[in-house]
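Working notes, structure below.
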Amino acid sequence: MNLDSLRAFVAVAEEGQFQYAADRLRLSQQAVSKRVAALESSLGVTLFQRVPTGATLTPEGRTFLPHAHAVLIAARHAVESVQREVRPLRVDILGSRLLPAVLMLEFHHTHPDLALKTLVLRGLEAALPALVAGEIDATFAYLPEPLSAGLESLPVYFEAHEIIVGDRHPLATRTTVGMDDLRPYTIWIPGIVEGSEWGEFYRELSADFALTIDSTGPNFGFEDLVQTIAESRTLISFFGERTREAGPFPRSLLRLRIQDPTPIYPWSLVWHTSNRHPGLTTLIDHLRRTPLPTTDGLWLPKILRD
């Protein structure tokens, strides 16, 4: 069975479109289609149904998918078992300014001789299939639901949320605020992806405290967000306590701590239990050394309160 055809099949199954799978594999769409067609021919079944939105798995495709994953994982382990040099540890950090990037930079400084490669994926929807396929060794995320079999996690950091405001905002004279103080204002967080783990986090947070969170409007990135908030008299936004202020930070932008309670974004490290990369063990041991705080005075999502 051709492994390239299996990789093409898995990529289309996970991406839902041949073009997205081609981008992921760095191939042409025609090459991906040919590989899937060759696999379908060798199996004697149709694996995908072509629909206007892309491609969906047939019943035979759904049955075949976990076995295809298993073959690719076994093939990767076979290759790694005889390779003399260990490939770099591949870790998804979600964003270059977010807390996972800070943690991995600290890890790199502690273990400078360990070969490391960081990637930026699109959240759990992309990271979990990449873990199963062996494309990455670990990812950082908030986990709103239990993980499926074969995946394991370790809580590594409870990141306090702050707010950012412009110096002409009514809250600008404060150094700390309570959650009740935020109700009169619109909290602008553009680009929340529907169904994402961070989208679920903000949905639950806004429901618990009757907050108005606006995720509409074009998302032009971090610099545009902070500049818009800095110039606004009405908008505020959430900001992780360890978010990196890379680049020019507007002088008129203020960061205020939230108390009574402090909302917490709970980061976990996630990996596949079959992964035997020695650097992964080193990373897990490193992150275990950071103790989690007590939950007094903190707001945590319901899954961590039950």
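FYI, nothing fancy with the structure tokens labels: chains A, B, ... in order, residues from 1 per chain, ligands from 1 as they appear.
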
Sorted per-residue table, region 96-181 of chain A near region 61-65 of chain A, closest atoms and distance, 12 Å, only C-alpha atoms, as CSV:
```
residue,atom,partner,partner_atom,distance
A:Pro129,CA,A:Leu65,CA,11.4
A:Val132,CA,A:Leu65,CA,11.4
A:Ala133,CA,A:Leu65,CA,11.0
```

Can those selected residues be exported to a file as a PDB file, in the first residue's frame so that it contains N, CA and C atoms?
```
ATOM      1  N   PRO A 129      -5.569  16.241  14.769  1.00  0.00           N
ATOM      2  CA  PRO A 129      -5.225  15.330  13.658  1.00  0.00           C
ATOM      3  C   PRO A 129      -3.733  15.293  13.370  1.00  0.00           C
ATOM      4  N   VAL A 132      -2.146  12.930  15.836  1.00  0.00           N
ATOM      5  CA  VAL A 132      -2.442  11.535  15.493  1.00  0.00           C
ATOM      6  C   VAL A 132      -1.617  11.084  14.293  1.00  0.00           C
ATOM      7  N   ALA A 133      -1.446  11.973  13.320  1.00  0.00           N
ATOM      8  CA  ALA A 133      -0.687  11.631  12.117  1.00  0.00           C
ATOM      9  C   ALA A 133       0.820  11.686  12.328  1.00  0.00           C
TER      10      ALA A 133
END
```

Can you build me a table of region 131-175 of chain A residues sitting at most 10 Å from region 214-233 of chain A, with the closest atom pair per residue and its distance in Å to one decimal, using only C-alpha atoms, sorted by chain and residue number, as JSON lines?
```
{"residue": "A:Ile164", "atom": "CA", "partner": "A:Ile229", "partner_atom": "CA", "distance": 7.2}
{"residue": "A:Val165", "atom": "CA", "partner": "A:Ile229", "partner_atom": "CA", "distance": 5.9}
{"residue": "A:Gly166", "atom": "CA", "partner": "A:Ala230", "partner_atom": "CA", "distance": 3.9}
{"residue": "A:Asp167", "atom": "CA", "partner": "A:Ala230", "partner_atom": "CA", "distance": 6.9}
{"residue": "A:Arg168", "atom": "CA", "partner": "A:Arg233", "partner_atom": "CA", "distance": 5.5}
{"residue": "A:His169", "atom": "CA", "partner": "A:Arg233", "partner_atom": "CA", "distance": 4.4}
{"residue": "A:Pro170", "atom": "CA", "partner": "A:Arg233", "partner_atom": "CA", "distance": 7.3}
{"residue": "A:Leu171", "atom": "CA", "partner": "A:Arg233", "partner_atom": "CA", "distance": 9.4}
{"residue": "A:Ala172", "atom": "CA", "partner": "A:Arg233", "partner_atom": "CA", "distance": 9.6}
```

Selected residue of minimal separation from Met179 (chain A) among A:Thr295, A:Ser33, A:Ser81, A:Thr262, counting only C-alpha atoms
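Smallest separation from Met179 (chain A) among the options: A:Thr262.
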
Taking the chain letters and numbering used in this document, name the residues of region 32-103 of chain A that DSSP puts in helix (DSSP H, G or I), as JSON, numbers by chain.
{"A": [32, 33, 34, 35, 36, 37, 38, 39, 40, 41, 42, 43, 59, 60, 61, 62, 63, 64, 65, 66, 67, 68, 69, 70, 71, 72, 73, 74, 75, 76, 77, 78, 79, 80, 81, 82, 99, 100, 101, 102, 103]}
